[in-house]
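Trainee: Sharing work.pdb here; it has PDB, C-alpha atoms, pLDDT in the B column.
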MODEL        1
ATOM      1  CA  MET A  30      -8.952 -71.214 -30.098  1.00 54.00           C
ATOM      2  CA  SER A  31      -6.916 -70.444 -27.037  1.00 58.00           C
ATOM      3  CA  GLN A  32      -4.433 -68.537 -29.206  1.00 57.00           C
ATOM      4  CA  TYR A  33      -7.148 -66.207 -30.528  1.00 54.00           C
ATOM      5  CA  ARG A  34      -8.554 -65.697 -27.032  1.00 58.00           C
ATOM      6  CA  ASN A  35      -5.129 -64.697 -25.695  1.00 58.00           C
ATOM      7  CA  ALA A  36      -4.643 -62.294 -28.611  1.00 59.00           C
ATOM      8  CA  ASN A  37      -7.985 -60.620 -27.872  1.00 59.00           C
ATOM      9  CA  ILE A  38      -7.151 -60.340 -24.181  1.00 65.00           C
ATOM     10  CA  SER A  39      -3.743 -58.833 -25.021  1.00 69.00           C
ATOM     11  CA  ARG A  40      -5.355 -56.364 -27.423  1.00 65.00           C
ATOM     12  CA  ASP A  41      -7.989 -55.322 -24.874  1.00 66.00           C
ATOM     13  CA  SER A  42      -5.319 -54.901 -22.217  1.00 72.00           C
ATOM     14  CA  HIS A  43      -3.259 -52.703 -24.541  1.00 70.00           C
ATOM     15  CA  ILE A  44      -6.310 -50.583 -25.359  1.00 76.00           C
ATOM     16  CA  THR A  45      -7.077 -50.186 -21.660  1.00 78.00           C
ATOM     17  CA  THR A  46      -3.492 -49.069 -21.025  1.00 79.00           C
ATOM     18  CA  LEU A  47      -3.680 -46.518 -23.838  1.00 76.00           C
ATOM     19  CA  ARG A  48      -6.956 -45.191 -22.462  1.00 79.00           C
ATOM     20  CA  ALA A  49      -5.410 -44.823 -19.021  1.00 79.00           C
ATOM     21  CA  ILE A  50      -2.440 -42.949 -20.511  1.00 84.00           C
ATOM     22  CA  CYS A  51      -4.826 -40.657 -22.412  1.00 83.00           C
ATOM     23  CA  GLY A  52      -6.729 -39.996 -19.189  1.00 81.00           C
ATOM     24  CA  VAL A  53      -3.513 -39.087 -17.372  1.00 82.00           C
ATOM     25  CA  LEU A  54      -2.523 -36.754 -20.212  1.00 84.00           C
ATOM     26  CA  VAL A  55      -5.941 -35.076 -20.103  1.00 84.00           C
ATOM     27  CA  LEU A  56      -5.603 -34.535 -16.343  1.00 84.00           C
ATOM     28  CA  ALA A  57      -2.066 -33.180 -16.774  1.00 83.00           C
ATOM     29  CA  CYS A  58      -3.253 -30.739 -19.464  1.00 84.00           C
ATOM     30  CA  ALA A  59      -6.132 -29.640 -17.246  1.00 81.00           C
ATOM     31  CA  ALA A  60      -3.729 -29.046 -14.340  1.00 79.00           C
ATOM     32  CA  MET A  61      -1.378 -27.004 -16.557  1.00 82.00           C
ATOM     33  CA  TRP A  62      -4.299 -24.963 -17.866  1.00 77.00           C
ATOM     34  CA  TRP A  63      -5.503 -24.265 -14.323  1.00 75.00           C
ATOM     35  CA  GLY A  64      -2.002 -23.212 -13.256  1.00 72.00           C
ATOM     36  CA  TRP A  65      -1.651 -20.931 -16.256  1.00 71.00           C
ATOM     37  CA  ASN A  66      -5.088 -19.431 -15.589  1.00 71.00           C
ATOM     38  CA  GLN A  67      -4.223 -18.739 -11.928  1.00 68.00           C
ATOM     39  CA  ALA A  68      -0.909 -17.060 -12.728  1.00 66.00           C
ATOM     40  CA  PRO A  69      -0.905 -13.279 -12.051  1.00 65.00           C
ATOM     41  CA  LYS A  70      -1.697 -11.260 -15.143  1.00 64.00           C
ATOM     42  CA  ASP A  71       0.037  -8.103 -13.858  1.00 64.00           C
ATOM     43  CA  LEU A  72       3.199  -7.655 -11.826  1.00 61.00           C
ATOM     44  CA  THR A  73       4.329  -4.361 -10.335  1.00 63.00           C
ATOM     45  CA  ILE A  74       8.094  -3.893 -10.495  1.00 61.00           C
ATOM     46  CA  ASN A  75       9.459  -1.130  -8.277  1.00 62.00           C
ATOM     47  CA  ILE A  76      12.551   0.382  -9.899  1.00 61.00           C
ATOM     48  CA  PRO A  77      14.798   2.618  -7.780  1.00 60.00           C
ATOM     49  CA  PRO A  78      15.018   6.166  -9.134  1.00 60.00           C
ATOM     50  CA  ASP A  79      18.793   6.057  -9.699  1.00 60.00           C
ATOM     51  CA  LEU A  80      19.223   4.378 -13.077  1.00 55.00           C
ATOM     52  CA  ARG A  81      22.804   5.497 -13.792  1.00 57.00           C
ATOM     53  CA  SER A  82      24.007   1.944 -13.316  1.00 53.00           C
ATOM     54  CA  GLY A  83      22.442  -1.450 -13.781  1.00 54.00           C
ATOM     55  CA  SER A  84      20.698  -3.172 -10.918  1.00 57.00           C
ATOM     56  CA  THR A  85      19.158  -6.520 -10.073  1.00 62.00           C
ATOM     57  CA  GLN A  86      15.665  -6.062  -8.703  1.00 63.00           C
ATOM     58  CA  LYS A  87      13.487  -8.830  -7.272  1.00 68.00           C
ATOM     59  CA  TRP A  88       9.918  -8.145  -8.329  1.00 65.00           C
ATOM     60  CA  TRP A  89       8.456  -8.573  -4.840  1.00 69.00           C
ATOM     61  CA  GLU A  90      10.847  -6.120  -3.164  1.00 80.00           C
ATOM     62  CA  VAL A  91       9.660  -2.559  -2.523  1.00 87.00           C
ATOM     63  CA  PRO A  92      12.519  -0.010  -2.415  1.00 89.00           C
ATOM     64  CA  PRO A  93      12.556   2.324   0.626  1.00 92.00           C
ATOM     65  CA  SER A  94      12.233   5.323  -1.693  1.00 91.00           C
ATOM     66  CA  THR A  95       8.935   3.927  -3.006  1.00 92.00           C
ATOM     67  CA  VAL A  96       7.636   3.417   0.543  1.00 95.00           C
ATOM     68  CA  TYR A  97       8.540   7.006   1.398  1.00 95.00           C
ATOM     69  CA  ALA A  98       6.967   8.439  -1.753  1.00 94.00           C
ATOM     70  CA  PHE A  99       3.758   6.472  -1.156  1.00 96.00           C
ATOM     71  CA  SER A 100       3.405   7.428   2.519  1.00 96.00           C
ATOM     72  CA  PHE A 101       4.167  11.114   1.887  1.00 96.00           C
ATOM     73  CA  TYR A 102       1.775  11.373  -1.058  1.00 96.00           C
ATOM     74  CA  ILE A 103      -1.156   9.726   0.748  1.00 97.00           C
ATOM     75  CA  TRP A 104      -0.568  11.590   4.019  1.00 97.00           C
ATOM     76  CA  GLN A 105      -0.331  14.914   2.192  1.00 96.00           C
ATOM     77  CA  GLN A 106      -3.584  14.240   0.335  1.00 96.00           C
ATOM     78  CA  LEU A 107      -5.336  13.232   3.563  1.00 97.00           C
ATOM     79  CA  ASN A 108      -4.333  16.496   5.212  1.00 96.00           C
ATOM     80  CA  ARG A 109      -5.191  18.786   2.303  1.00 95.00           C
ATOM     81  CA  TRP A 110      -8.247  20.828   3.304  1.00 95.00           C
ATOM     82  CA  PRO A 111      -8.627  23.560   0.671  1.00 95.00           C
ATOM     83  CA  VAL A 112     -11.958  25.031   1.853  1.00 94.00           C
ATOM     84  CA  ASN A 113     -13.400  23.599   5.057  1.00 94.00           C
ATOM     85  CA  GLY A 114     -11.722  20.950   7.206  1.00 94.00           C
ATOM     86  CA  GLU A 115     -15.022  19.601   8.498  1.00 95.00           C
ATOM     87  CA  ALA A 116     -16.095  18.598   4.988  1.00 96.00           C
ATOM     88  CA  ASP A 117     -12.696  18.193   3.300  1.00 96.00           C
ATOM     89  CA  TYR A 118     -11.225  15.876   5.940  1.00 96.00           C
ATOM     90  CA  GLN A 119     -14.286  13.636   5.886  1.00 96.00           C
ATOM     91  CA  ARG A 120     -14.212  13.495   2.085  1.00 97.00           C
ATOM     92  CA  ASN A 121     -10.499  12.601   2.122  1.00 97.00           C
ATOM     93  CA  LEU A 122     -11.046   9.847   4.679  1.00 97.00           C
ATOM     94  CA  HIS A 123     -13.663   8.281   2.432  1.00 96.00           C
ATOM     95  CA  GLY A 124     -11.811   8.767  -0.862  1.00 96.00           C
ATOM     96  CA  LEU A 125      -8.474   7.460   0.443  1.00 96.00           C
ATOM     97  CA  GLN A 126      -9.783   4.592   2.575  1.00 95.00           C
ATOM     98  CA  ALA A 127      -8.190   1.948   0.312  1.00 95.00           C
ATOM     99  CA  PHE A 128      -4.757   3.273   1.300  1.00 97.00           C
ATOM    100  CA  PHE A 129      -5.250   2.712   5.042  1.00 97.00           C
ATOM    101  CA  THR A 130      -5.610  -0.500   7.022  1.00 96.00           C
ATOM    102  CA  PRO A 131      -9.043  -1.184   8.585  1.00 96.00           C
ATOM    103  CA  ALA A 132      -7.682  -0.489  12.089  1.00 96.00           C
ATOM    104  CA  CYS A 133      -6.151   2.800  10.960  1.00 97.00           C
ATOM    105  CA  ARG A 134      -9.408   3.860   9.307  1.00 97.00           C
ATOM    106  CA  VAL A 135     -11.188   3.359  12.626  1.00 97.00           C
ATOM    107  CA  THR A 136      -8.541   5.446  14.425  1.00 96.00           C
ATOM    108  CA  LEU A 137      -8.696   8.272  11.882  1.00 96.00           C
ATOM    109  CA  ASN A 138     -12.501   8.364  11.921  1.00 96.00           C
ATOM    110  CA  GLU A 139     -12.488   8.525  15.716  1.00 96.00           C
ATOM    111  CA  GLU A 140     -10.009  11.402  15.547  1.00 95.00           C
ATOM    112  CA  TYR A 141     -12.214  13.175  13.007  1.00 96.00           C
ATOM    113  CA  GLU A 142     -15.309  12.849  15.199  1.00 96.00           C
ATOM    114  CA  MET A 143     -13.402  14.078  18.262  1.00 96.00           C
ATOM    115  CA  ARG A 144     -12.023  17.137  16.441  1.00 93.00           C
ATOM    116  CA  ARG A 145     -15.379  17.872  14.840  1.00 94.00           C
ATOM    117  CA  SER A 146     -17.108  17.787  18.233  1.00 95.00           C
ATOM    118  CA  ARG A 147     -14.567  20.331  19.510  1.00 93.00           C
ATOM    119  CA  SER A 148     -15.153  22.589  16.478  1.00 91.00           C
ATOM    120  CA  GLU A 149     -11.488  22.210  15.477  1.00 91.00           C
ATOM    121  CA  LEU A 150     -12.285  21.565  11.803  1.00 93.00           C
ATOM    122  CA  ARG A 151     -15.046  23.928  10.759  1.00 93.00           C
ATOM    123  CA  GLY A 152     -13.695  26.585   8.407  1.00 93.00           C
ATOM    124  CA  ARG A 153     -10.112  25.322   8.721  1.00 94.00           C
ATOM    125  CA  VAL A 154      -7.833  25.314   5.691  1.00 95.00           C
ATOM    126  CA  ARG A 155      -4.827  23.019   5.944  1.00 95.00           C
ATOM    127  CA  GLY A 156      -1.853  21.965   3.883  1.00 94.00           C
ATOM    128  CA  VAL A 157       1.251  19.907   4.672  1.00 94.00           C
ATOM    129  CA  PHE A 158       4.560  19.758   2.825  1.00 92.00           C
ATOM    130  CA  GLU A 159       8.069  18.512   3.405  1.00 92.00           C
ATOM    131  CA  VAL A 160      10.451  20.502   5.566  1.00 90.00           C
ATOM    132  CA  PRO A 161      12.914  22.027   3.061  1.00 85.00           C
ATOM    133  CA  GLY A 162      15.983  19.821   2.891  1.00 83.00           C
ATOM    134  CA  ARG A 163      14.304  17.050   4.865  1.00 85.00           C
ATOM    135  CA  GLY A 164      12.804  14.924   2.105  1.00 87.00           C
ATOM    136  CA  TYR A 165      13.690  11.298   1.450  1.00 90.00           C
ATOM    137  CA  ARG A 166      16.912  10.087   3.057  1.00 90.00           C
ATOM    138  CA  PRO A 167      18.014   6.497   3.764  1.00 89.00           C
ATOM    139  CA  GLU A 168      17.345   7.042   7.472  1.00 91.00           C
ATOM    140  CA  SER A 169      13.784   8.179   6.693  1.00 93.00           C
ATOM    141  CA  ILE A 170      12.707   4.547   6.244  1.00 95.00           C
ATOM    142  CA  LYS A 171      13.181   1.846   8.855  1.00 95.00           C
ATOM    143  CA  ILE A 172      12.776  -1.653   7.412  1.00 94.00           C
ATOM    144  CA  LEU A 173      11.035  -4.003   9.862  1.00 94.00           C
ATOM    145  CA  GLY A 174      10.620  -6.867   7.395  1.00 90.00           C
ATOM    146  CA  GLN A 175       9.825  -7.711   3.800  1.00 89.00           C
ATOM    147  CA  ASP A 176       6.258  -6.420   4.256  1.00 93.00           C
ATOM    148  CA  THR A 177       6.572  -3.748   6.987  1.00 96.00           C
ATOM    149  CA  TRP A 178       8.294  -0.369   7.191  1.00 97.00           C
ATOM    150  CA  ILE A 179       8.354   2.774   9.322  1.00 97.00           C
ATOM    151  CA  ALA A 180       8.348   6.003   7.306  1.00 96.00           C
ATOM    152  CA  ASN A 181       9.485   9.100   9.208  1.00 96.00           C
ATOM    153  CA  LEU A 182       8.005  12.166   7.507  1.00 96.00           C
ATOM    154  CA  ASP A 183       9.296  15.591   8.533  1.00 95.00           C
ATOM    155  CA  LEU A 184       6.473  17.916   7.521  1.00 94.00           C
ATOM    156  CA  VAL A 185       5.349  21.509   7.853  1.00 93.00           C
ATOM    157  CA  ILE A 186       1.724  21.881   8.924  1.00 94.00           C
ATOM    158  CA  ASN A 187       0.074  25.126   7.907  1.00 93.00           C
ATOM    159  CA  GLU A 188      -3.479  25.890   8.989  1.00 93.00           C
ATOM    160  CA  GLN A 189      -5.568  28.973   8.355  1.00 92.00           C
ATOM    161  CA  TYR A 190      -8.915  30.197   9.611  1.00 89.00           C
ATOM    162  CA  ALA A 191     -10.713  33.080   7.902  1.00 86.00           C
ATOM    163  CA  GLY A 192      -7.511  33.824   5.971  1.00 83.00           C
ATOM    164  CA  VAL A 193      -5.367  34.094   9.117  1.00 86.00           C
ATOM    165  CA  ASP A 194      -2.557  31.674   9.958  1.00 84.00           C
ATOM    166  CA  VAL A 195      -3.460  29.800  13.141  1.00 84.00           C
ATOM    167  CA  ARG A 196      -0.893  27.020  13.000  1.00 85.00           C
ATOM    168  CA  ASP A 197       2.532  26.735  11.400  1.00 86.00           C
ATOM    169  CA  VAL A 198       4.558  23.924  12.980  1.00 91.00           C
ATOM    170  CA  TYR A 199       7.119  21.282  12.053  1.00 93.00           C
ATOM    171  CA  VAL A 200       6.208  17.705  12.940  1.00 94.00           C
ATOM    172  CA  ARG A 201       7.783  14.286  12.420  1.00 95.00           C
ATOM    173  CA  TYR A 202       5.158  11.647  11.681  1.00 95.00           C
ATOM    174  CA  PRO A 203       6.317   8.025  12.207  1.00 96.00           C
ATOM    175  CA  LEU A 204       3.955   6.165   9.869  1.00 97.00           C
ATOM    176  CA  ARG A 205       3.761   2.392   9.817  1.00 97.00           C
ATOM    177  CA  VAL A 206       3.444   1.079   6.256  1.00 97.00           C
ATOM    178  CA  VAL A 207       2.483  -2.496   5.375  1.00 97.00           C
ATOM    179  CA  ARG A 208       2.165  -4.483   2.176  1.00 94.00           C
ATOM    180  CA  ALA A 209      -1.485  -5.008   1.249  1.00 90.00           C
ATOM    181  CA  ASP A 210      -1.786  -6.083  -2.371  1.00 83.00           C
ATOM    182  CA  VAL A 211      -5.495  -6.848  -2.145  1.00 82.00           C
ATOM    183  CA  ASP A 212      -7.264  -4.456  -4.528  1.00 85.00           C
ATOM    184  CA  ARG A 213      -5.256  -3.233  -7.524  1.00 84.00           C
ATOM    185  CA  GLU A 214      -8.218  -1.319  -8.930  1.00 88.00           C
ATOM    186  CA  ARG A 215      -8.492   0.955  -5.888  1.00 91.00           C
ATOM    187  CA  ASN A 216      -4.923   0.744  -4.593  1.00 92.00           C
ATOM    188  CA  PRO A 217      -2.329   0.198  -7.341  1.00 90.00           C
ATOM    189  CA  PHE A 218       0.530   0.784  -4.878  1.00 91.00           C
ATOM    190  CA  GLY A 219      -0.117  -2.480  -3.019  1.00 92.00           C
ATOM    191  CA  LEU A 220       0.732  -0.665   0.241  1.00 95.00           C
ATOM    192  CA  GLN A 221      -1.317   0.692   3.141  1.00 97.00           C
ATOM    193  CA  ILE A 222      -0.640   3.077   6.006  1.00 97.00           C
ATOM    194  CA  ASP A 223      -1.231   1.484   9.408  1.00 97.00           C
ATOM    195  CA  CYS A 224      -1.291   4.804  11.290  1.00 95.00           C
ATOM    196  CA  PHE A 225       1.442   5.782  13.748  1.00 95.00           C
ATOM    197  CA  ASP A 226       4.341   3.823  15.177  1.00 93.00           C
ATOM    198  CA  GLY A 227       4.686   6.057  18.202  1.00 91.00           C
ATOM    199  CA  VAL A 228       3.654   9.624  18.980  1.00 93.00           C
ATOM    200  CA  PRO A 229       4.335  12.320  16.337  1.00 93.00           C
ATOM    201  CA  GLN A 230       7.149  14.614  17.478  1.00 92.00           C
ATOM    202  CA  ARG A 231       7.218  18.378  17.141  1.00 92.00           C
ATOM    203  CA  LEU A 232      10.458  19.638  15.576  1.00 88.00           C
ATOM    204  CA  ASN A 233      11.995  22.763  17.038  1.00 80.00           C
ATOM    205  CA  MET A 234      13.324  24.125  13.743  1.00 61.00           C
ATOM    206  CA  PRO A 235      13.463  23.055  10.092  1.00 45.00           C
ATOM    207  CA  GLY A 236      17.165  22.253  10.119  1.00 44.00           C
ATOM    208  CA  GLY A 237      17.308  20.728  13.585  1.00 41.00           C
ATOM    209  CA  GLU A 238      17.768  16.977  13.933  1.00 44.00           C
ATOM    210  CA  GLN A 239      15.549  15.209  16.434  1.00 45.00           C
TER     211      GLN A 239
ENDMDL
END
Using structure tokens, write down the structure from this file.
Mentor:
Amino acid sequence: MSQYRNANISRDSHITTLRAICGVLVLACAAMWWGWNQAPKDLTINIPPDLRSGSTQKWWEVPPSTVYAFSFYIWQQLNRWPVNGEADYQRNLHGLQAFFTPACRVTLNEEYEMRRSRSELRGRVRGVFEVPGRGYRPESIKILGQDTWIANLDLVINEQYAGVDVRDVYVRYPLRVVRADVDRERNPFGLQIDCFDGVPQRLNMPGGEQ
């Protein structure tokens, strides 16, 4: 009788062990499924424009040329007032808000309100473009860290009022750019402009170095 009892106990113990192993396997599968589900579905790889030779590119690195292209494109769009600066600038601030940090949005909106109160925007037409020969250069981007850069944009500012040129100057804008991969639907670049890193400098002439 004792022999049968021991056999039953051994069998039950073996079954319990198998159940425990099955439970562990179920938990392991659930953990792997959760990890797979949390993995990013899209990765943005920034490839430098010079593809004449092979390169090794870490997916999280943003090339300086990409930082420059982003900052110039967004800043140019912000300062494009084709009809009336009072309405165009406000529309640009709203439409491009995903490309600026919250603090920078506050600064730009305060600047807009100040200029509007001084009647500096009504009827103004504005466009900005690169100073000829002063586009992207290695020294245009200062790398502060893996997620922070300073983009120095040398731009021509042209403003008109009632069809008459009222402003045509050359300015260097030191824009602070940060990584902000928070909303791919509204900001596929994964970067934001954090306004100025210092005071914009007026350039004396297009070819002059400052």
Trainee: What's the separation between atom CA of A:Val112 and atom CA of A:Val154, in Å to one decimal place?
Mentor: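 Those two atoms sit 5.6 Å apart.
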Trainee: Can you spell out as JSON, numbers by chain the set of residues that the PyMOL selection byres ((chain A and resi 118-131) around 9) selects in the structure I just provided?
Mentor: {"A": [103, 106, 107, 108, 109, 110, 113, 114, 115, 116, 117, 132, 133, 134, 135, 136, 137, 138, 141, 150, 206, 207, 209, 212, 215, 216, 218, 219, 220, 221, 222, 223, 224]}
Trainee: I'd like to know which of A:Gln189, A:Arg213, A:Val228, A:Phe99 is closest to A:Pro111, using only C-alpha atoms.
Mentor: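 When distances to A:Pro111 are compared using only C-alpha atoms, the smallest one comes from A:Gln189.
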Trainee: Residues of stretch 120-177 of chain A within 10 Å of stretch 193-201 of chain A: nearest atom pair and distance (Å, one decimal) for each, counting all atoms listed in the file, sorted by chain and number, as JSON lines?
Mentor:
{"residue": "A:Arg153", "atom": "CA", "partner": "A:Val195", "partner_atom": "CA", "distance": 9.2}
{"residue": "A:Val154", "atom": "CA", "partner": "A:Asp194", "partner_atom": "CA", "distance": 9.3}
{"residue": "A:Arg155", "atom": "CA", "partner": "A:Arg196", "partner_atom": "CA", "distance": 9.0}
{"residue": "A:Gly156", "atom": "CA", "partner": "A:Asp197", "partner_atom": "CA", "distance": 9.9}
{"residue": "A:Val157", "atom": "CA", "partner": "A:Tyr199", "partner_atom": "CA", "distance": 9.5}
{"residue": "A:Phe158", "atom": "CA", "partner": "A:Tyr199", "partner_atom": "CA", "distance": 9.7}
{"residue": "A:Glu159", "atom": "CA", "partner": "A:Tyr199", "partner_atom": "CA", "distance": 9.1}
{"residue": "A:Val160", "atom": "CA", "partner": "A:Tyr199", "partner_atom": "CA", "distance": 7.3}
Trainee: In Å, with one decimal, what is the gap from atom CA of A:Pro203 to atom CA of A:Asp183?
Mentor: 8.9 Å
Trainee: In Å, how far is it from atom CA of A:Asn187 to atom CA of A:Phe225?
Mentor: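 Going from atom CA of A:Asn187 over to atom CA of A:Phe225 covers 20.3 Å.
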Trainee: Give the answer as one residue: which of A:Leu182, A:Gln230, A:Met143, A:Ser148 has the shortest atom-to-atom distance to A:Tyr102, using only C-alpha atoms?
Mentor: A:Leu182
Trainee: If we count all atoms listed in the file, what is near A:Ala180 at a cut-off of 9 Å, once residues fewer than 6 positions away on the same chain are taken out, given as a list in words?
Mentor: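 Skipping anything fewer than 6 positions along the chain leaves Pro93, Val96, Tyr97, Ser100, Phe101, Ser169, Ile170, Lys171, Ile172, Tyr202, Pro203, Leu204, Arg205 and Val206 of chain A.
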Trainee: Give me the residues near A:Gln175 as a PyMOL selection string, where near means some atom within 10 Å (using all atoms listed in the file) and where sequence neighbours in that chain fewer than 2 positions away do not count.
Mentor: chain A and resi 89-91+172-173+177-178+207-208
Trainee: Take every atom of stretch 185-195 of chain A listed in the file, pad by 4 Å on each side, and give me the axis-aligned box centre and edge lengths in Å, one decimal, as lines of an AutoDock Vina configuration file.
Mentor:
center_x = -2.7
center_y = 27.8
center_z = 9.6
size_x = 24.1
size_y = 20.6
size_z = 15.2
Trainee: Which of these, A:Ala98, A:Ile44, A:Ile186, A:Ala57, has the shortest distance to A:Arg166 once you count all atoms listed in the file?
Mentor: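 Selected residue with least distance to A:Arg166: A:Ala98.
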